[in-house]
$ cat data08.tsv   # TSV, C-alpha atoms
chain	number	residue	atom	x	y	z
A	190	MET	CA	0.00	0.00	0.00
A	191	ASN	CA	1.55	3.30	-1.13
A	192	GLU	CA	1.86	6.50	0.89
A	193	LEU	CA	-1.11	8.86	0.63
A	194	LYS	CA	-0.21	12.44	-0.35
A	195	VAL	CA	-2.19	15.29	1.21
A	196	PHE	CA	-2.01	18.77	-0.36
A	197	ASN	CA	-3.77	22.09	0.07
A	198	PHE	CA	-6.39	23.14	-2.51
A	199	ASN	CA	-8.14	26.49	-2.01
A	200	GLU	CA	-7.22	26.39	1.69
A	201	VAL	CA	-8.65	22.87	2.11
A	202	ASP	CA	-6.50	19.78	2.72
A	203	VAL	CA	-7.34	17.10	0.14
A	204	VAL	CA	-6.10	13.89	-1.49
A	205	ASP	CA	-6.43	12.93	-5.16
A	206	SER	CA	-8.86	10.12	-6.03
A	207	ARG	CA	-6.11	8.55	-8.17
A	208	GLY	CA	-3.92	8.21	-5.09
A	209	VAL	CA	-6.80	6.72	-3.12
A	210	ALA	CA	-7.53	4.19	-5.88
A	211	GLU	CA	-3.87	3.20	-6.04
A	212	MET	CA	-3.62	2.88	-2.28
A	213	VAL	CA	-6.61	0.57	-1.93
A	214	ASP	CA	-5.78	-1.31	-5.16
A	215	ARG	CA	-8.96	-0.32	-7.02
A	216	ASN	CA	-9.65	0.73	-10.58
A	217	HIS	CA	-9.86	4.54	-10.64
A	218	LYS	CA	-12.96	4.47	-12.87
A	219	ASP	CA	-14.76	2.25	-10.35
A	220	LEU	CA	-13.87	4.60	-7.49
A	221	LEU	CA	-15.07	7.61	-9.54
A	222	GLN	CA	-18.40	5.90	-10.12
A	223	ASP	CA	-18.80	5.29	-6.36
A	224	ILE	CA	-17.97	8.93	-5.63
A	225	ARG	CA	-20.46	10.15	-8.26
A	226	ASN	CA	-23.11	8.02	-6.57
A	227	TYR	CA	-22.26	9.59	-3.19
A	228	VAL	CA	-22.40	13.10	-4.73
A	229	GLU	CA	-25.76	12.38	-6.36
A	230	ILE	CA	-27.21	11.26	-3.02
A	231	LEU	CA	-25.83	14.34	-1.27
A	232	GLU	CA	-27.23	16.63	-4.00
A	233	LYS	CA	-30.67	15.11	-3.53
A	234	SER	CA	-30.52	15.91	0.19
A	235	ASN	CA	-30.74	19.68	-0.31
A	236	GLU	CA	-33.22	20.03	2.53
A	237	ARG	CA	-30.46	18.89	4.89
A	238	LYS	CA	-28.06	21.48	3.44
A	239	ILE	CA	-25.27	18.95	2.92
A	240	ALA	CA	-22.77	20.40	0.44
A	241	PRO	CA	-21.12	17.67	-1.68
A	242	ASN	CA	-17.94	19.76	-2.07
A	243	GLU	CA	-17.34	19.41	1.67
A	244	PHE	CA	-16.60	15.77	0.83
A	245	PHE	CA	-15.67	15.59	-2.86
A	246	ILE	CA	-14.39	18.36	-5.15
A	247	GLU	CA	-14.75	17.74	-8.88
A	248	SER	CA	-11.45	18.16	-10.72
A	249	SER	CA	-9.49	16.92	-13.73
A	250	TYR	CA	-6.00	15.96	-14.83
A	251	LYS	CA	-4.03	15.31	-18.02
A	252	ASP	CA	-2.93	11.77	-18.78
A	253	SER	CA	0.33	10.74	-20.48
A	254	ILE	CA	-1.08	11.45	-23.97
A	255	GLY	CA	-2.53	14.85	-23.12
A	256	ARG	CA	-6.20	13.93	-22.61
A	257	THR	CA	-8.13	15.80	-19.92
A	258	LEU	CA	-9.78	13.22	-17.67
A	259	PRO	CA	-11.99	13.58	-14.59
A	260	CYS	CA	-10.94	12.98	-11.01
A	261	TYR	CA	-12.05	14.08	-7.55
A	262	LEU	CA	-10.28	15.72	-4.63
A	263	LEU	CA	-11.32	14.12	-1.35
A	264	THR	CA	-11.42	16.06	1.90
A	265	LYS	CA	-11.01	14.25	5.19
A	266	LYS	CA	-14.81	13.91	5.29
A	267	GLY	CA	-14.70	12.36	1.82
A	268	CYS	CA	-12.07	9.87	2.95
A	269	ASP	CA	-14.27	9.06	5.95
A	270	MET	CA	-17.15	8.27	3.61
A	271	VAL	CA	-15.04	6.07	1.32
A	272	ALA	CA	-13.47	4.28	4.29
A	273	ASN	CA	-16.88	3.59	5.85
A	274	LYS	CA	-17.78	1.56	2.75
A	275	MET	CA	-14.67	-0.58	3.02
A	276	THR	CA	-14.23	-3.67	5.14
A	277	GLY	CA	-11.37	-5.92	6.16
A	278	GLU	CA	-7.66	-5.23	6.16
A	279	LYS	CA	-7.70	-2.71	3.29
A	280	GLY	CA	-10.31	-0.60	5.06
A	281	VAL	CA	-8.30	-0.57	8.31
A	282	LEU	CA	-5.03	0.29	6.54
A	283	PHE	CA	-6.63	3.01	4.41
A	284	THR	CA	-8.23	4.60	7.47
A	285	ALA	CA	-4.94	4.55	9.35
A	286	ALA	CA	-3.10	6.01	6.33
A	287	TYR	CA	-5.41	8.95	5.61
A	288	VAL	CA	-5.93	9.87	9.28
A	289	THR	CA	-2.15	9.94	9.73
A	290	ALA	CA	-1.54	11.87	6.49
A	291	PHE	CA	-4.11	14.58	7.32
A	292	GLU	CA	-2.74	14.91	10.86
A	293	VAL	CA	0.83	15.30	9.59
A	294	MET	CA	-0.36	17.98	7.16
A	295	ARG	CA	-2.20	19.79	9.97
A	296	GLN	CA	0.86	19.76	12.20
A	297	ARG	CA	3.09	20.94	9.37
A	298	MET	CA	0.80	23.90	8.61
A	299	ALA	CA	0.49	24.80	12.29
A	300	ALA	CA	4.19	24.66	13.13
A	301	PRO	CA	5.68	28.18	13.21
A	302	ILE	CA	9.11	28.84	11.69
A	303	LEU	CA	10.84	31.29	13.98
A	304	PRO	CA	13.54	33.59	12.57
A	305	LYS	CA	17.01	33.13	14.07
A	306	ASP	CA	17.94	36.82	14.25
A	307	TYR	CA	16.69	40.35	13.53
A	308	PRO	CA	17.72	40.45	9.81
A	309	SER	CA	16.03	37.09	9.29
A	310	ALA	CA	12.89	38.43	10.94
A	311	LEU	CA	12.88	41.45	8.60
A	312	ARG	CA	13.31	39.22	5.54
A	313	ALA	CA	10.52	36.94	6.73
A	314	LEU	CA	8.23	39.94	7.26
A	315	ALA	CA	9.03	41.30	3.79
A	316	GLU	CA	8.44	37.91	2.16
A	317	ALA	CA	5.13	37.50	3.99
A	318	GLU	CA	3.99	40.94	2.81
A	319	GLU	CA	5.02	40.14	-0.79
A	320	GLN	CA	3.07	36.88	-0.65
A	321	ARG	CA	0.03	38.66	0.79
A	322	MET	CA	0.11	41.30	-1.96
A	323	ALA	CA	0.60	38.68	-4.69
A	324	LEU	CA	-2.30	36.64	-3.32
A	325	GLU	CA	-4.55	39.69	-3.17
A	326	GLU	CA	-3.60	40.63	-6.74
A	327	GLN	CA	-4.33	37.09	-7.96
A	328	ARG	CA	-7.69	37.10	-6.17
A	329	GLU	CA	-8.63	40.30	-8.00
A	330	LEU	CA	-7.57	38.76	-11.33
A	331	ASP	CA	-9.52	35.58	-10.60
A	332	ARG	CA	-12.64	37.35	-9.32
A	333	PRO	CA	-14.38	37.59	-12.74
A	334	LYS	CA	-13.68	33.90	-13.36
A	335	VAL	CA	-14.97	32.95	-9.91
A	336	LEU	CA	-18.16	34.96	-10.49
A	337	PHE	CA	-18.49	33.32	-13.90
A	338	ALA	CA	-18.09	29.83	-12.46
A	339	ASP	CA	-20.55	30.56	-9.63
A	340	ALA	CA	-23.12	31.88	-12.11
A	341	VAL	CA	-22.78	28.82	-14.30
A	342	SER	CA	-23.05	26.49	-11.31
A	343	THR	CA	-26.62	27.70	-10.74
A	344	ALA	CA	-27.61	27.46	-14.39
A	345	LYS	CA	-30.87	25.60	-14.97
A	346	THR	CA	-31.23	26.14	-18.72
A	347	SER	CA	-29.38	23.96	-21.21
A	348	ILE	CA	-27.35	25.81	-23.84
A	349	LEU	CA	-25.79	25.03	-27.21
A	350	ILE	CA	-22.12	24.08	-27.42
A	351	GLY	CA	-21.45	27.23	-29.46
A	352	GLU	CA	-22.97	29.36	-26.68
A	353	LEU	CA	-20.65	27.78	-24.11
A	354	ALA	CA	-17.68	28.47	-26.41
A	355	LYS	CA	-18.61	32.17	-26.48
A	356	LEU	CA	-18.93	32.30	-22.68
A	357	LEU	CA	-15.54	30.64	-22.22
A	358	LYS	CA	-13.84	33.01	-24.66
A	359	GLN	CA	-15.41	36.04	-22.98
A	360	ASN	CA	-14.11	34.85	-19.61
A	361	GLY	CA	-10.44	34.35	-20.29
A	362	VAL	CA	-10.15	31.13	-22.32
A	363	PRO	CA	-8.19	32.24	-25.41
A	364	ASN	CA	-8.69	30.99	-28.98
A	365	MET	CA	-11.98	29.36	-28.06
A	366	GLY	CA	-14.67	29.03	-30.70
A	367	GLN	CA	-17.49	26.65	-31.52
A	368	ASN	CA	-15.42	24.45	-33.86
A	369	ARG	CA	-12.52	24.26	-31.40
A	370	LEU	CA	-14.85	23.28	-28.55
A	371	PHE	CA	-16.56	20.61	-30.69
A	372	ASP	CA	-13.12	19.24	-31.62
A	373	TRP	CA	-11.96	19.24	-27.98
A	374	MET	CA	-15.08	17.40	-26.86
A	375	ARG	CA	-14.64	14.77	-29.58
A	376	ARG	CA	-10.97	14.25	-28.72
A	377	ASN	CA	-11.73	13.93	-25.02
A	378	GLY	CA	-14.57	11.46	-25.33
A	379	PHE	CA	-17.59	13.68	-24.72
A	380	LEU	CA	-18.91	13.66	-28.31
A	381	ILE	CA	-18.95	10.78	-30.82
A	382	ARG	CA	-16.08	10.97	-33.31
A	383	ARG	CA	-17.01	8.25	-35.81
A	384	SER	CA	-18.79	9.19	-39.02
A	385	GLY	CA	-22.49	8.48	-39.27
A	386	GLY	CA	-25.82	9.66	-37.99
A	387	ASP	CA	-24.51	9.89	-34.39
A	388	TYR	CA	-21.53	12.11	-35.26
A	389	ASN	CA	-21.19	14.96	-32.74
A	390	MET	CA	-23.83	13.40	-30.49
A	391	PRO	CA	-22.95	12.94	-26.79
A	392	THR	CA	-21.21	9.71	-25.87
A	393	GLN	CA	-22.88	7.27	-23.50
A	394	ARG	CA	-20.42	8.29	-20.76
A	395	ALA	CA	-21.23	11.99	-21.19
A	396	MET	CA	-24.97	11.28	-21.00
A	397	GLU	CA	-24.55	9.11	-17.90
A	398	LEU	CA	-22.65	11.97	-16.25
A	399	GLY	CA	-25.62	14.25	-16.96
A	400	LEU	CA	-23.52	16.70	-18.98
A	401	PHE	CA	-25.78	16.77	-22.04
A	402	GLU	CA	-29.35	16.43	-23.15
A	403	ILE	CA	-30.59	15.96	-26.70
A	404	LYS	CA	-33.24	18.29	-28.08
A	405	GLU	CA	-35.37	16.68	-30.79
A	406	THR	CA	-37.15	18.89	-33.33
A	407	ALA	CA	-39.65	17.52	-35.85
A	408	ILE	CA	-39.23	18.99	-39.35
A	409	THR	CA	-41.95	18.70	-42.00
A	410	HIS	CA	-40.49	18.78	-45.53
A	411	ALA	CA	-42.07	20.09	-48.73
A	412	ASP	CA	-42.97	16.59	-49.90
A	413	GLY	CA	-44.89	15.97	-46.70
A	414	HIS	CA	-42.53	13.57	-44.95
A	415	THR	CA	-41.30	14.35	-41.43
A	416	SER	CA	-37.80	13.96	-40.04
A	417	VAL	CA	-36.36	14.52	-36.57
A	418	ASN	CA	-33.40	16.83	-36.05
A	419	LYS	CA	-31.28	16.08	-32.96
A	420	THR	CA	-29.26	18.83	-31.29
A	421	PRO	CA	-26.93	18.24	-28.30
A	422	LYS	CA	-27.27	20.82	-25.53
A	423	ILE	CA	-25.17	21.23	-22.41
A	424	THR	CA	-27.08	20.94	-19.14
A	425	GLY	CA	-26.51	23.20	-16.14
A	426	LYS	CA	-24.42	20.43	-14.59
A	427	GLY	CA	-22.47	20.11	-17.84
A	428	GLN	CA	-21.82	23.86	-17.98
A	429	GLN	CA	-20.43	23.76	-14.45
A	430	TYR	CA	-18.25	20.75	-15.29
A	431	PHE	CA	-16.71	22.20	-18.45
A	432	VAL	CA	-16.18	25.65	-16.91
A	433	ARG	CA	-14.24	24.06	-14.05
A	434	VAL	CA	-12.13	22.04	-16.49
A	435	PHE	CA	-11.20	25.03	-18.66
A	436	LEU	CA	-10.64	27.50	-15.82
A	437	SER	CA	-8.43	24.89	-14.14
A	438	ARG	CA	-6.43	24.55	-17.36
A	439	GLU	CA	-6.00	28.32	-17.62
A	440	LYS	CA	-4.86	28.51	-13.99
A	441	GLU	CA	-2.30	25.75	-14.57
A	442	ALA	CA	-1.05	27.48	-17.73
A	443	ALA	CA	-0.66	30.78	-15.89
A	444	GLY	CA	1.37	29.10	-13.17
A	445	SER	CA	3.68	27.22	-15.54
$ encode --input "data08.tsv" --output "structure tokens"
Amino acid sequence: MNELKVFNFNEVDVVDSRGVAEMVDRNHKDLLQDIRNYVEILEKSNERKIAPNEFFIESSYKDSIGRTLPCYLLTKKGCDMVANKMTGEKGVLFTAAYVTAFEVMRQRMAAPILPKDYPSALRALAEAEEQRMALEEQRELDRPKVLFADAVSTAKTSILIGELAKLLKQNGVPNMGQNRLFDWMRRNGFLIRRSGGDYNMPTQRAMELGLFEIKETAITHADGHTSVNKTPKITGKGQQYFVRVFLSREKEAAGS
């Protein structure tokens, strides 16, 4: 069983679902499906005001060939939930590992580093002020994107892929257009790539994730026969998912 790595994400200590899957010797896709089931149950319990992101934070990563794939960041509460579903030796070892890892992280963050002398104290003070100013500046730069993401997260109306491309471009994702977004979704497994009647339709995986819906429009032709036109539209959940993916990519690019 490998060591579990805890890191800080938006001032919250988390672990990556890939590390959890590796630690407990599970297929990452199977663990993702379990987490999505937990999130769905939590989302249905709105009357109890249980926020899923207190347990699981939706994220993404790039694999060895450059594809953007989904993952989750698990808080300590999320690890508790996963561990509660496990039995036997693996469950005991996983619980011991994540409890220890989160405690080590907590102690590391809490431990003060005292300067050795007066010049060191002045340098530490100057560095702290520089970090504070840089953080404040970055917060101001990110504010429009945060507002954009928050607005999308409450979206109830499905929109066309071209409309999402415009929103992304207007909010800091460069070189984004309808054709580029269609191509990206095909390459990353959200839209069907093969030629035929289903070309550019959502994949089964994308539909199961609730990212798309298909609008069907009946068209009556001049000769009297009727055909059905199918148009993929991105649901509110899908808009939130893709916005998070692209804003995360832009943040990584800015930091590289």
$ residues_around --input "data08.tsv" --residues "segment 280-284 of chain A" --least-positions-apart "5" --cutoff "8 Å" --atoms "all atoms listed in the file" --output "ChimeraX atom specification"
/A:212-213,268-269,272-273,275
$ write_last_selection --input "data08.tsv" --atoms "C-alpha atoms" --output "PDB file, keeping the file's coordinate frame"
ATOM      1  CA  MET A 212      -3.620   2.880  -2.280  1.00  0.00           C
ATOM      2  CA  VAL A 213      -6.610   0.570  -1.930  1.00  0.00           C
ATOM      3  CA  CYS A 268     -12.070   9.870   2.950  1.00  0.00           C
ATOM      4  CA  ASP A 269     -14.270   9.060   5.950  1.00  0.00           C
ATOM      5  CA  ALA A 272     -13.470   4.280   4.290  1.00  0.00           C
ATOM      6  CA  ASN A 273     -16.880   3.590   5.850  1.00  0.00           C
ATOM      7  CA  MET A 275     -14.670  -0.580   3.020  1.00  0.00           C
TER       8      MET A 275
END
$ closest_residue --input "data08.tsv" --among "A:Val293, A:Leu231, A:Met270, A:Leu380" --to "Asp202 of chain A" --atoms "only C-alpha atoms"
A:Val293
$ residues_around --input "data08.tsv" --residues "segment 344-359 of chain A" --least-positions-apart "4" --cutoff "9 Å" --atoms "all atoms listed in the file" --output "PyMOL selection string"
chain A and resi 337+340+363-371+401-402+420-429+431-432+435-436
$ residues_around --input "data08.tsv" --residues "segment 215-222 of chain A" --least-positions-apart "2" --cutoff "12 Å" --atoms "all atoms listed in the file" --output "ChimeraX atom specification"
/A:190,205-213,224-229,245-249,258-263,268,271-272,274-275,279,394,397-398
$ atom_distance --input "data08.tsv" --atom1 "atom CA of Pro241 of chain A" --atom2 "atom CA of Lys194 of chain A"
21.6 Å
$ atom_distance --input "data08.tsv" --atom1 "atom CA of Arg375 of chain A" --atom2 "atom CA of Asn389 of chain A"
7.3 Å
$ atom_distance --input "data08.tsv" --atom1 "atom CA of Ala240 of chain A" --atom2 "atom CA of Lys266 of chain A"
11.4 Å
$ closest_residue --input "data08.tsv" --among "A:Ala407, A:Phe196, A:Phe244, A:Val203" --to "Glu232 of chain A" --atoms "only C-alpha atoms"
A:Phe244
